[in-house]
file my_file13.cif (mmCIF, C-alpha atoms)
data_final
loop_
_atom_site.label_atom_id
_atom_site.label_comp_id
_atom_site.auth_asym_id
_atom_site.auth_seq_id
_atom_site.Cartn_x
_atom_site.Cartn_y
_atom_site.Cartn_z
CA MET B 1 0.00 0.00 0.00
CA ASN B 2 1.32 3.45 -0.96
CA ASN B 3 1.46 5.64 2.15
CA ASN B 4 2.50 8.76 0.16
CA ILE B 5 -1.00 9.46 -1.17
CA ASP B 6 -2.51 12.57 0.40
CA PRO B 7 -6.04 11.65 1.55
CA THR B 8 -7.00 15.32 1.86
CA PRO B 9 -9.54 16.23 -0.86
CA THR B 10 -8.80 19.13 -3.21
CA ASP B 11 -10.26 22.41 -2.09
CA TRP B 12 -11.50 23.84 -5.40
CA SER B 13 -12.70 27.01 -3.69
CA SER B 14 -9.27 27.94 -2.36
CA PRO B 15 -7.55 31.02 -3.85
CA ALA B 16 -4.71 28.91 -5.25
CA MET B 17 -7.06 26.56 -7.14
CA GLN B 18 -9.21 29.44 -8.37
CA LYS B 19 -6.07 31.09 -9.73
CA ARG B 20 -5.06 27.90 -11.56
CA ILE B 21 -8.54 27.56 -13.01
CA ALA B 22 -8.48 31.17 -14.15
CA LYS B 23 -5.15 30.54 -15.90
CA ARG B 24 -6.61 27.54 -17.71
CA TYR B 25 -9.61 29.54 -18.90
CA ALA B 26 -7.32 32.36 -20.01
CA ALA B 27 -5.14 29.90 -21.95
CA GLU B 28 -8.24 28.46 -23.61
CA LYS B 29 -9.42 31.94 -24.60
CA ARG B 30 -6.00 32.76 -26.04
CA PHE B 31 -6.04 29.52 -28.04
CA LYS B 32 -9.51 30.28 -29.44
CA PHE B 33 -8.42 33.81 -30.27
CA MET B 34 -5.33 32.58 -32.14
CA GLY B 35 -7.42 30.02 -34.02
CA LEU B 36 -9.99 32.62 -35.06
CA THR B 37 -7.19 35.00 -36.04
CA ALA B 38 -5.58 32.34 -38.22
CA VAL B 39 -8.91 31.57 -39.92
CA ALA B 40 -9.60 35.28 -40.43
CA LEU B 41 -6.16 35.90 -41.94
CA SER B 42 -6.54 32.92 -44.26
CA THR B 43 -9.96 34.18 -45.36
CA ILE B 44 -8.62 37.69 -45.96
CA PHE B 45 -5.72 36.40 -48.07
CA LEU B 46 -8.08 34.14 -50.03
CA ILE B 47 -10.51 36.99 -50.69
CA PHE B 48 -7.63 39.27 -51.69
CA LEU B 49 -6.33 36.62 -54.11
CA LEU B 50 -9.75 36.02 -55.67
CA VAL B 51 -10.59 39.73 -55.96
CA THR B 52 -7.20 40.48 -57.51
CA MET B 53 -7.47 37.66 -60.05
CA LEU B 54 -11.07 38.43 -60.92
CA GLY B 55 -10.34 42.15 -61.20
CA ASN B 56 -7.36 41.60 -63.50
CA GLY B 57 -8.71 38.58 -65.32
CA PHE B 58 -12.32 39.54 -66.02
CA SER B 59 -11.26 41.95 -68.76
CA GLY B 60 -9.37 39.08 -70.37
CA PHE B 61 -12.72 37.51 -71.26
CA LEU B 62 -13.77 40.69 -73.09
CA GLN B 63 -12.64 41.87 -76.51
CA THR B 64 -12.73 45.35 -77.99
CA ASN B 65 -14.02 45.40 -81.56
CA ALA B 66 -13.97 48.11 -84.23
CA LYS B 67 -16.22 48.48 -87.26
CA LEU B 68 -14.82 47.97 -90.72
CA GLU B 69 -17.06 48.51 -93.74
CA ILE B 70 -15.94 46.71 -96.89
CA ASP B 71 -17.51 47.41 -100.27
CA PHE B 72 -16.86 44.01 -101.81
CA PRO B 73 -18.49 44.69 -105.23
CA ALA B 74 -16.26 47.75 -105.76
CA LEU B 75 -13.05 46.25 -104.39
CA THR B 76 -13.35 42.79 -105.95
CA GLY B 77 -14.58 43.82 -109.40
CA GLY B 78 -17.97 42.19 -108.89
CA ALA B 79 -17.10 38.77 -107.52
CA SER B 80 -20.14 36.51 -107.09
CA ALA B 81 -21.15 34.28 -104.23
CA GLN B 82 -20.99 31.28 -106.54
CA SER B 83 -17.32 31.96 -107.30
CA ILE B 84 -16.33 31.48 -103.67
CA SER B 85 -18.56 28.48 -103.01
CA GLY B 86 -17.89 24.79 -103.31
CA ASN B 87 -14.71 22.79 -102.91
CA GLY B 88 -12.37 25.51 -104.18
CA ALA B 89 -13.81 28.28 -102.01
CA GLN B 90 -10.66 28.95 -100.01
CA ALA B 91 -8.47 29.11 -103.11
CA ALA B 92 -10.97 31.48 -104.75
CA ILE B 93 -10.95 33.76 -101.71
CA ARG B 94 -7.15 33.80 -101.68
CA SER B 95 -7.14 34.85 -105.32
CA LEU B 96 -9.16 37.95 -104.40
CA ASP B 97 -6.20 39.43 -102.48
CA LEU B 98 -8.25 39.81 -99.32
CA PRO B 99 -5.36 41.41 -97.33
CA GLY B 100 -5.18 44.18 -99.94
CA ILE B 101 -8.95 44.63 -99.85
CA VAL B 102 -8.93 44.92 -96.06
CA SER B 103 -6.04 47.41 -96.16
CA THR B 104 -7.82 49.55 -98.74
CA ALA B 105 -11.07 49.54 -96.74
CA ARG B 106 -9.17 50.49 -93.61
CA GLN B 107 -7.46 53.41 -95.38
CA GLU B 108 -10.77 54.67 -96.77
CA GLN B 109 -12.54 54.51 -93.43
CA TYR B 110 -9.86 55.68 -91.00
CA ALA B 111 -7.41 57.80 -92.99
CA SER B 112 -9.43 60.95 -92.23
CA LEU B 113 -9.01 60.50 -88.49
CA SER B 114 -6.33 62.49 -86.69
CA ILE B 115 -4.41 59.40 -85.63
CA ASN B 116 -1.09 57.85 -86.46
CA MET B 117 -1.86 55.37 -89.21
CA GLU B 118 1.28 53.49 -88.30
CA GLN B 119 -0.64 52.42 -85.20
CA SER B 120 -2.39 49.20 -86.13
CA ILE B 121 -6.11 49.46 -85.41
CA PHE B 122 -7.03 45.83 -85.94
CA SER B 123 -5.46 42.61 -84.75
CA SER B 124 -3.32 40.48 -87.01
CA GLY B 125 -6.03 37.84 -87.46
CA ILE B 126 -8.76 39.89 -89.09
CA VAL B 127 -8.10 38.52 -92.59
CA ARG B 128 -8.58 35.00 -91.28
CA ARG B 129 -11.81 36.03 -89.56
CA ILE B 130 -13.18 37.74 -92.67
CA THR B 131 -12.25 34.67 -94.72
CA GLN B 132 -14.21 32.48 -92.32
CA GLU B 133 -17.20 34.84 -92.53
CA LEU B 134 -17.15 34.60 -96.32
CA LEU B 135 -16.91 30.83 -96.20
CA ASN B 136 -19.90 30.70 -93.86
CA ASN B 137 -21.91 33.23 -95.88
CA PRO B 138 -20.66 33.64 -99.49
CA SER B 139 -23.41 36.16 -100.27
CA LEU B 140 -21.46 38.80 -98.31
CA ILE B 141 -19.09 39.13 -101.29
CA GLU B 142 -21.93 40.72 -103.30
CA GLN B 143 -22.70 43.60 -100.94
CA LYS B 144 -21.31 46.21 -98.61
CA THR B 145 -20.69 44.52 -95.28
CA ILE B 146 -19.86 45.92 -91.87
CA PHE B 147 -17.60 43.66 -89.82
CA HIS B 148 -16.98 44.01 -86.09
CA LEU B 149 -13.36 42.92 -85.86
CA PRO B 150 -10.97 42.60 -82.89
CA THR B 151 -8.74 45.59 -82.35
CA ASP B 152 -5.01 45.51 -81.81
CA ALA B 153 -3.93 44.48 -78.30
CA ALA B 154 -2.64 47.99 -77.52
CA ILE B 155 -5.97 49.59 -78.43
CA ASP B 156 -7.89 46.87 -76.61
CA THR B 157 -5.88 47.50 -73.44
CA ALA B 158 -6.20 51.29 -73.75
CA TYR B 159 -9.96 51.05 -74.26
CA LYS B 160 -10.18 49.06 -71.04
CA GLY B 161 -8.28 51.80 -69.23
CA ASP B 162 -4.73 50.48 -68.97
CA GLY B 163 -2.95 51.45 -72.15
CA VAL B 164 -0.02 53.55 -73.30
CA LYS B 165 -0.48 57.20 -74.25
CA ALA B 166 -0.20 56.69 -78.02
CA ALA B 167 -2.90 54.00 -77.97
CA GLU B 168 -5.11 56.16 -75.73
CA ILE B 169 -4.99 58.95 -78.34
CA THR B 170 -6.07 56.47 -81.03
CA VAL B 171 -8.86 55.14 -78.80
CA LYS B 172 -10.16 58.66 -78.19
CA ALA B 173 -10.32 59.33 -81.94
CA LEU B 174 -12.08 56.02 -82.55
CA GLU B 175 -14.57 56.72 -79.77
CA GLU B 176 -15.46 60.03 -81.40
CA LYS B 177 -16.22 58.13 -84.59
CA ASN B 178 -18.32 55.67 -82.52
CA VAL B 179 -16.83 52.53 -84.03
CA LEU B 180 -15.69 50.72 -80.87
CA SER B 181 -17.67 48.10 -78.95
CA THR B 182 -16.99 45.35 -76.42
CA GLU B 183 -18.18 41.76 -76.45
CA PHE B 184 -17.35 38.43 -74.87
CA ASN B 185 -14.05 37.14 -76.23
CA LEU B 186 -15.05 33.68 -77.38
CA SER B 187 -11.79 33.26 -79.30
CA PHE B 188 -9.93 33.34 -75.97
CA LEU B 189 -11.61 30.05 -75.07
CA THR B 190 -11.42 28.51 -78.54
CA GLY B 191 -8.06 29.77 -79.82
CA ALA B 192 -4.45 28.77 -79.31
CA ASP B 193 -1.28 30.62 -78.41
CA ALA B 194 -0.31 33.53 -80.63
CA SER B 195 2.29 36.26 -80.75
CA ASP B 196 -0.53 38.82 -80.95
CA ALA B 197 -2.23 39.08 -77.55
CA ALA B 198 -5.55 39.92 -79.22
CA GLU B 199 -5.53 36.54 -80.98
CA ALA B 200 -4.15 34.43 -78.10
CA GLY B 201 -6.38 31.74 -76.61
CA ILE B 202 -6.21 28.88 -74.14
CA TRP B 203 -7.96 26.01 -75.92
CA ALA B 204 -4.70 24.39 -77.05
CA ALA B 205 -3.29 24.53 -73.50
CA PHE B 206 -6.60 23.40 -71.99
CA LYS B 207 -6.81 20.41 -74.34
CA GLY B 208 -3.16 19.62 -73.62
CA SER B 209 -3.97 19.64 -69.88
CA LEU B 210 -6.89 17.27 -70.43
CA MET B 211 -4.79 14.87 -72.46
CA THR B 212 -1.88 15.02 -70.00
CA MET B 213 -4.18 14.42 -67.00
CA PHE B 214 -5.81 11.52 -68.84
CA ILE B 215 -2.45 9.80 -69.32
CA THR B 216 -1.52 10.55 -65.71
CA ILE B 217 -4.68 9.12 -64.14
CA MET B 218 -4.83 6.09 -66.44
CA LEU B 219 -1.32 5.08 -65.39
CA ALA B 220 -0.94 6.34 -61.81
CA PHE B 221 -4.31 5.25 -60.42
CA PRO B 222 -4.38 1.52 -61.29
CA VAL B 223 -0.67 1.02 -60.62
CA GLY B 224 -0.85 2.97 -57.37
CA VAL B 225 -3.93 1.11 -56.11
CA LEU B 226 -2.55 -2.32 -57.02
CA SER B 227 0.76 -1.46 -55.36
CA ALA B 228 -1.04 -0.39 -52.20
CA LEU B 229 -3.09 -3.61 -52.13
CA TYR B 230 -0.02 -5.76 -52.65
CA LEU B 231 2.07 -4.05 -49.99
CA GLU B 232 -0.73 -4.11 -47.43
CA GLU B 233 -2.37 -7.47 -48.12
CA TYR B 234 0.16 -9.77 -49.77
CA ALA B 235 3.74 -8.55 -49.35
CA PRO B 236 5.77 -10.37 -46.65
CA LYS B 237 7.16 -8.26 -43.84
CA ASN B 238 10.90 -8.28 -44.44
CA ARG B 239 13.75 -5.89 -45.17
CA TRP B 240 12.97 -5.76 -48.86
CA THR B 241 9.40 -4.62 -48.15
CA ASP B 242 10.66 -2.07 -45.63
CA LEU B 243 13.05 -0.70 -48.25
CA ILE B 244 10.18 -0.33 -50.74
CA GLU B 245 8.04 1.47 -48.18
CA VAL B 246 10.81 3.90 -47.31
CA SER B 247 11.50 4.53 -50.99
CA ILE B 248 7.83 5.29 -51.69
CA ASN B 249 7.65 7.70 -48.76
CA ASN B 250 10.80 9.44 -49.97
CA LEU B 251 9.50 9.68 -53.54
CA ALA B 252 6.35 11.43 -52.32
CA ALA B 253 8.53 14.21 -50.89
CA VAL B 254 10.95 14.57 -53.81
CA PRO B 255 10.83 18.00 -55.54
CA SER B 256 8.86 17.90 -58.77
CA ILE B 257 11.77 19.12 -60.87
CA ILE B 258 13.59 15.85 -60.14
CA PHE B 259 10.80 13.97 -61.88
CA GLY B 260 11.24 16.34 -64.81
CA LEU B 261 14.91 15.36 -65.02
CA LEU B 262 13.88 11.70 -64.80
CA GLY B 263 11.40 12.14 -67.65
CA LEU B 264 14.02 13.99 -69.71
CA VAL B 265 16.55 11.19 -69.35
CA VAL B 266 14.29 8.14 -69.50
CA PHE B 267 11.48 9.07 -71.88
CA LEU B 268 13.27 11.50 -74.20
CA SER B 269 16.91 10.38 -74.17
CA TRP B 270 16.55 6.62 -73.73
CA PHE B 271 13.22 5.83 -75.41
CA ASN B 272 13.24 8.73 -77.90
CA MET B 273 9.60 9.59 -77.27
CA PRO B 274 8.19 12.71 -78.97
CA ARG B 275 9.36 15.84 -77.24
CA SER B 276 6.81 18.30 -75.85
CA SER B 277 3.98 15.77 -76.12
CA ALA B 278 1.10 15.01 -73.77
CA LEU B 279 2.27 11.39 -73.67
CA VAL B 280 5.64 12.24 -72.13
CA GLY B 281 4.06 14.86 -69.88
CA GLY B 282 1.49 12.38 -68.61
CA LEU B 283 4.12 9.70 -67.96
CA THR B 284 6.29 12.18 -66.06
CA LEU B 285 3.41 13.41 -63.90
CA ALA B 286 2.27 9.82 -63.32
CA LEU B 287 5.66 9.02 -61.77
CA MET B 288 5.23 12.03 -59.48
CA THR B 289 1.62 11.22 -58.54
CA MET B 290 1.96 7.48 -58.00
CA PRO B 291 3.70 7.60 -54.57
CA VAL B 292 0.94 9.83 -53.17
CA ILE B 293 -1.73 7.40 -54.35
CA VAL B 294 0.19 4.41 -52.94
CA ILE B 295 0.54 6.02 -49.49
CA ALA B 296 -3.11 7.10 -49.39
CA GLY B 297 -4.21 3.70 -50.68
CA ARG B 298 -2.26 1.81 -48.01
CA ASN B 299 -3.74 3.94 -45.24
CA ALA B 300 -7.25 3.44 -46.65
CA VAL B 301 -6.80 -0.33 -46.92
CA LYS B 302 -5.36 -0.48 -43.41
CA ALA B 303 -8.38 1.42 -42.07
CA VAL B 304 -10.80 -1.32 -43.19
CA PRO B 305 -11.75 -3.29 -40.03
CA PRO B 306 -10.31 -6.83 -39.78
CA SER B 307 -13.82 -8.09 -39.09
CA ILE B 308 -14.70 -7.43 -42.74
CA ARG B 309 -11.96 -9.78 -43.87
CA GLU B 310 -12.86 -12.41 -41.28
CA ALA B 311 -16.55 -12.30 -42.20
CA ALA B 312 -15.78 -12.66 -45.90
CA LEU B 313 -13.48 -15.61 -45.26
CA GLY B 314 -16.12 -17.13 -43.00
CA ILE B 315 -18.71 -17.26 -45.77
CA GLY B 316 -16.28 -18.96 -48.16
CA ALA B 317 -14.68 -16.11 -50.09
CA SER B 318 -11.18 -16.68 -51.41
CA PRO B 319 -8.35 -14.33 -50.32
CA VAL B 320 -8.48 -12.57 -53.70
CA GLN B 321 -12.25 -12.16 -53.42
CA VAL B 322 -11.84 -10.77 -49.91
CA VAL B 323 -9.47 -8.09 -51.21
CA PHE B 324 -11.24 -7.09 -54.42
CA HIS B 325 -14.90 -7.66 -53.45
CA HIS B 326 -14.85 -6.39 -49.87
CA VAL B 327 -11.68 -4.54 -48.85
CA LEU B 328 -11.13 -2.48 -52.01
CA PRO B 329 -14.70 -1.11 -52.28
CA LEU B 330 -14.60 -0.02 -48.64
CA ALA B 331 -11.15 1.55 -49.06
CA LEU B 332 -12.03 3.30 -52.33
CA PRO B 333 -13.21 6.61 -50.77
CA GLY B 334 -9.89 7.01 -48.96
CA ILE B 335 -8.00 6.07 -52.12
CA LEU B 336 -9.92 8.69 -54.10
CA THR B 337 -9.00 11.29 -51.49
CA GLY B 338 -5.31 10.59 -52.09
CA THR B 339 -5.92 10.63 -55.83
CA ILE B 340 -7.54 14.07 -55.58
CA ILE B 341 -4.48 15.41 -53.76
CA GLY B 342 -2.07 13.87 -56.24
CA MET B 343 -3.94 14.98 -59.34
CA ALA B 344 -4.40 18.51 -57.99
CA ARG B 345 -0.65 18.72 -57.47
CA ALA B 346 0.02 17.35 -60.94
CA LEU B 347 -2.41 19.76 -62.58
CA GLY B 348 -0.58 22.78 -61.21
CA GLU B 349 2.97 21.59 -61.91
CA THR B 350 5.17 23.54 -64.28
CA ALA B 351 8.82 22.70 -63.53
CA PRO B 352 8.85 19.03 -64.67
CA LEU B 353 6.97 19.88 -67.87
CA LEU B 354 9.38 22.68 -68.74
CA LEU B 355 12.26 20.21 -68.61
CA ILE B 356 10.62 17.83 -71.08
CA GLY B 357 9.98 20.64 -73.57
CA MET B 358 6.29 21.43 -73.02
CA ARG B 359 7.03 25.15 -73.20
CA ALA B 360 6.92 25.09 -76.99
CA PHE B 361 4.90 27.63 -78.96
CA VAL B 362 1.76 25.69 -79.91
CA PRO B 363 -0.33 27.62 -82.47
CA ALA B 364 -2.97 24.87 -82.80
CA ALA B 365 -4.60 22.40 -80.45
CA PRO B 366 -2.98 18.93 -80.53
CA SER B 367 -4.99 16.20 -82.21
CA GLY B 368 -3.03 13.29 -80.71
CA PHE B 369 -1.08 12.32 -77.62
CA SER B 370 2.23 12.36 -79.48
CA GLU B 371 1.86 15.83 -81.03
CA PRO B 372 3.50 18.95 -79.54
CA SER B 373 1.35 20.43 -76.80
CA THR B 374 1.43 22.54 -73.69
CA VAL B 375 -0.62 22.77 -70.50
CA LEU B 376 -2.35 25.60 -68.67
CA PRO B 377 0.30 26.18 -65.96
CA VAL B 378 3.06 26.38 -68.56
CA GLN B 379 0.95 28.66 -70.77
CA ILE B 380 0.37 30.95 -67.79
CA TYR B 381 4.10 30.96 -67.08
CA LEU B 382 4.94 31.86 -70.68
CA TRP B 383 2.38 34.66 -70.85
CA SER B 384 3.50 36.11 -67.51
CA ASP B 385 6.99 36.47 -68.99
CA GLU B 386 5.77 38.49 -72.00
CA VAL B 387 6.75 42.15 -72.28
CA ASN B 388 3.45 43.11 -73.91
CA ARG B 389 1.19 44.40 -71.13
CA ALA B 390 -1.86 43.02 -72.98
CA PHE B 391 -0.80 39.54 -71.84
CA VAL B 392 -1.30 40.55 -68.18
CA GLU B 393 -5.07 40.21 -68.36
CA LYS B 394 -4.69 37.06 -70.46
CA THR B 395 -2.53 35.56 -67.71
CA SER B 396 -5.10 36.35 -65.01
CA ALA B 397 -7.94 35.03 -67.15
CA ALA B 398 -6.02 31.80 -67.78
CA ILE B 399 -5.47 31.45 -64.01
CA ILE B 400 -9.22 31.72 -63.49
CA VAL B 401 -9.81 28.98 -66.07
CA LEU B 402 -7.15 26.81 -64.38
CA LEU B 403 -8.83 27.25 -60.98
CA LEU B 404 -12.23 26.39 -62.45
CA PHE B 405 -10.71 23.32 -64.10
CA LEU B 406 -9.16 22.28 -60.80
CA MET B 407 -12.38 22.81 -58.83
CA THR B 408 -14.38 20.88 -61.42
CA MET B 409 -11.97 17.97 -61.31
CA ASN B 410 -12.01 17.97 -57.51
CA ALA B 411 -15.81 18.19 -57.43
CA VAL B 412 -16.10 15.12 -59.65
CA ALA B 413 -13.62 13.21 -57.49
CA ILE B 414 -15.39 14.23 -54.28
CA TYR B 415 -18.71 13.13 -55.75
CA LEU B 416 -17.26 9.74 -56.64
CA ARG B 417 -15.72 9.45 -53.17
CA ASN B 418 -19.03 10.20 -51.47
CA ARG B 419 -20.86 7.93 -53.90
CA PHE B 420 -18.78 4.90 -52.91
CA GLU B 421 -18.33 5.79 -49.25
CA THR B 422 -19.61 3.16 -46.80
CA ARG B 423 -20.02 3.67 -43.08
CA TRP B 424 -19.86 0.89 -40.56
#

call {"tool": "encode", "arguments": {"input": "my_file13.cif", "output": "structure tokens"}}
result
Amino acid sequence: MNNNIDPTPTDWSSPAMQKRIAKRYAAEKRFKFMGLTAVALSTIFLIFLLVTMLGNGFSGFLQTNAKLEIDFPALTGGASAQSISGNGAQAAIRSLDLPGIVSTARQEQYASLSINMEQSIFSSGIVRRITQELLNNPSLIEQKTIFHLPTDAAIDTAYKGDGVKAAEITVKALEEKNVLSTEFNLSFLTGADASDAAEAGIWAAFKGSLMTMFITIMLAFPVGVLSALYLEEYAPKNRWTDLIEVSINNLAAVPSIIFGLLGLVVFLSWFNMPRSSALVGGLTLALMTMPVIVIAGRNAVKAVPPSIREAALGIGASPVQVVFHHVLPLALPGILTGTIIGMARALGETAPLLLIGMRAFVPAAPSGFSEPSTVLPVQIYLWSDEVNRAFVEKTSAAIIVLLLFLMTMNAVAIYLRNRFETRW
């Protein structure tokens, strides 16, 4: 029997105990205050980030247009709609010297304005747009037609209130003539990269991201899940298994640029795969994502109660049936959580893709996994490095699209996780 125990009960009403209790309450209040302060600061920074991006990027979804009236009968010598129809329509339109027609119409309409005619009013892609209009509606060649065409990036930026002085003078003259208007910039969502900011779009980078993520998930998810099942359910506990576990944990913490070097050496140098392709990008990101999925998968499999396995074995299920019919479905929500984290990290990576050449100028969306392509993070990086200030709003707008893409992907994964989640 321990004789050192003090049988005297604690006097909670004594001044000493009341002081200790007051200190505990004060410490709890300080902890709550620090927690609320941390949440408030995080919310403020998040709101500041969103407001800044939306403020800078919203104008990137808008395009300033200017009117251009073209008298096709007078400038083409009376070309007919039939002459630019059919299989040889594009060749017939090229024979009309459309760039010269556009230049003449521009001189006739804007030469009287007190502006520097060396300042380009329209973007570099207006001839292509007019050609497409004529292909869609050949009857336009037989009449005077007013086109609303995208302005040059400098004028577009000045019209939105952030341009250089020379462009602002031009904008003022154009406003007096009442030829400027603003509309939603659909070509930003459907176009590809371009040297002219007014013609630049994100569809090529967006499609490249989709293709790269498809390769990543199709390789990393099944291999990662099967590796987790093997290590947790079948692998013997020995030094070799311990070495594999340590290696996987270390790989999950390796900087992403190391995987870029690995992809450069293995996929490009050794296997001579196509440079700057979604295939190589997806394989590189799959190597980076796989350890995260393996770790999350092992934890999810380990969290399944042993009673599930014992019950399945008790009703006659084989060990393989126990794993794939009972354990895996119950562990799937946890596995999908790890997959969400890994894919979100892969979607925002830039460094490994730069090393394998996915910073190439891609003027058209890729049609195959082996064709040159880029991804949204790399496109954002390239635009942010441009000297032309018109690319600033394009960069912010592309960031908004990337965040929406990320949230959509996460929402789908969370839905699937909740759909398969089972509580016991």

call {"tool": "residues_around", "arguments": {"input": "my_file13.cif", "residues": "Ala158 in chain B", "least_positions_apart": "4", "cutoff": "8 Å", "atoms": "all atoms listed in the file", "output": "list of chain:residue names"}}
result
B:Ala154, B:Asp162, B:Gly163, B:Val164, B:Ala167, B:Glu168, B:Val171

call {"tool": "resolve_selection", "arguments": {"input": "my_file13.cif", "expression": "the PyMOL selection byres ((chain B and resi 414) around 12)", "output": "VMD selection string"}}
result
chain B and resid 332 to 341 407 to 413 415 to 421

call {"tool": "closest_residue", "arguments": {"input": "my_file13.cif", "among": "B:Leu251, B:Ile295, B:Met213, B:Leu355", "to": "Ser276 in chain B", "atoms": "all atoms listed in the file"}}
result
B:Leu355

call {"tool": "resolve_selection", "arguments": {"input": "my_file13.cif", "expression": "the PyMOL selection byres ((chain B and resi 70) around 8)", "output": "VMD selection string"}}
result
chain B and resid 68 to 69 71 to 72 101 to 102 105 144 to 147

call {"tool": "residues_near_point", "arguments": {"input": "my_file13.cif", "point": "(-19.8, 32.4, -102.5)", "cutoff": "10 Å", "atoms": "all atoms listed in the file", "output": "list in words"}}
result
Ala79, Ser80, Ala81, Gln82, Ser83, Ile84, Ser85, Gly86, Ala89, Ala92, Ile93, Leu134, Leu135, Asn136, Asn137, Pro138, Ser139, Leu140, Ile141 and Glu142 of chain B

call {"tool": "write_last_selection", "arguments": {"input": "my_file13.cif", "atoms": "C-alpha atoms", "output": "PDB file, in the coordinates of the input"}}
result
ATOM      1  CA  ALA B  79     -17.100  38.770-107.520  1.00  0.00           C
ATOM      2  CA  SER B  80     -20.140  36.510-107.090  1.00  0.00           C
ATOM      3  CA  ALA B  81     -21.150  34.280-104.230  1.00  0.00           C
ATOM      4  CA  GLN B  82     -20.990  31.280-106.540  1.00  0.00           C
ATOM      5  CA  SER B  83     -17.320  31.960-107.300  1.00  0.00           C
ATOM      6  CA  ILE B  84     -16.330  31.480-103.670  1.00  0.00           C
ATOM      7  CA  SER B  85     -18.560  28.480-103.010  1.00  0.00           C
ATOM      8  CA  GLY B  86     -17.890  24.790-103.310  1.00  0.00           C
ATOM      9  CA  ALA B  89     -13.810  28.280-102.010  1.00  0.00           C
ATOM     10  CA  ALA B  92     -10.970  31.480-104.750  1.00  0.00           C
ATOM     11  CA  ILE B  93     -10.950  33.760-101.710  1.00  0.00           C
ATOM     12  CA  LEU B 134     -17.150  34.600 -96.320  1.00  0.00           C
ATOM     13  CA  LEU B 135     -16.910  30.830 -96.200  1.00  0.00           C
ATOM     14  CA  ASN B 136     -19.900  30.700 -93.860  1.00  0.00           C
ATOM     15  CA  ASN B 137     -21.910  33.230 -95.880  1.00  0.00           C
ATOM     16  CA  PRO B 138     -20.660  33.640 -99.490  1.00  0.00           C
ATOM     17  CA  SER B 139     -23.410  36.160-100.270  1.00  0.00           C
ATOM     18  CA  LEU B 140     -21.460  38.800 -98.310  1.00  0.00           C
ATOM     19  CA  ILE B 141     -19.090  39.130-101.290  1.00  0.00           C
ATOM     20  CA  GLU B 142     -21.930  40.720-103.300  1.00  0.00           C
TER      21      GLU B 142
END

call {"tool": "closest_residue", "arguments": {"input": "my_file13.cif", "among": "B:Pro352, B:Gly161, B:Gly357, B:Gly281", "to": "Pro255 in chain B", "atoms": "all atoms listed in the file"}}
result
B:Pro352

call {"tool": "atom_distance", "arguments": {"input": "my_file13.cif", "atom1": "CA of Gly125 in chain B", "atom2": "CA of Glu183 in chain B"}}
result
16.9 Å

call {"tool": "resolve_selection", "arguments": {"input": "my_file13.cif", "expression": "the PyMOL selection byres ((chain B and resi 216) around 12)", "output": "PyMOL selection string"}}
result
chain B and resi 209-215+217-224+278-290+293+339+342-347

call {"tool": "write_last_selection", "arguments": {"input": "my_file13.cif", "atoms": "C-alpha atoms", "output": "short mmCIF file (atom, residue, chain, number, x, y, z; two decimals), in the coordinates of the input"}}
result
data_model
loop_
_atom_site.label_atom_id
_atom_site.label_comp_id
_atom_site.auth_asym_id
_atom_site.auth_seq_id
_atom_site.Cartn_x
_atom_site.Cartn_y
_atom_site.Cartn_z
CA SER B 209 -3.97 19.64 -69.88
CA LEU B 210 -6.89 17.27 -70.43
CA MET B 211 -4.79 14.87 -72.46
CA THR B 212 -1.88 15.02 -70.00
CA MET B 213 -4.18 14.42 -67.00
CA PHE B 214 -5.81 11.52 -68.84
CA ILE B 215 -2.45 9.80 -69.32
CA ILE B 217 -4.68 9.12 -64.14
CA MET B 218 -4.83 6.09 -66.44
CA LEU B 219 -1.32 5.08 -65.39
CA ALA B 220 -0.94 6.34 -61.81
CA PHE B 221 -4.31 5.25 -60.42
CA PRO B 222 -4.38 1.52 -61.29
CA VAL B 223 -0.67 1.02 -60.62
CA GLY B 224 -0.85 2.97 -57.37
CA ALA B 278 1.10 15.01 -73.77
CA LEU B 279 2.27 11.39 -73.67
CA VAL B 280 5.64 12.24 -72.13
CA GLY B 281 4.06 14.86 -69.88
CA GLY B 282 1.49 12.38 -68.61
CA LEU B 283 4.12 9.70 -67.96
CA THR B 284 6.29 12.18 -66.06
CA LEU B 285 3.41 13.41 -63.90
CA ALA B 286 2.27 9.82 -63.32
CA LEU B 287 5.66 9.02 -61.77
CA MET B 288 5.23 12.03 -59.48
CA THR B 289 1.62 11.22 -58.54
CA MET B 290 1.96 7.48 -58.00
CA ILE B 293 -1.73 7.40 -54.35
CA THR B 339 -5.92 10.63 -55.83
CA GLY B 342 -2.07 13.87 -56.24
CA MET B 343 -3.94 14.98 -59.34
CA ALA B 344 -4.40 18.51 -57.99
CA ARG B 345 -0.65 18.72 -57.47
CA ALA B 346 0.02 17.35 -60.94
CA LEU B 347 -2.41 19.76 -62.58
#

call {"tool": "closest_residue", "arguments": {"input": "my_file13.cif", "among": "B:Leu353, B:Val225, B:Leu149, B:Ile399", "to": "Thr64 in chain B", "atoms": "all atoms listed in the file"}}
result
B:Leu149

call {"tool": "closest_residue", "arguments": {"input": "my_file13.cif", "among": "B:Val362, B:Ala27, B:Val294, B:Ile308", "to": "Ala200 in chain B", "atoms": "only C-alpha atoms"}}
result
B:Val362
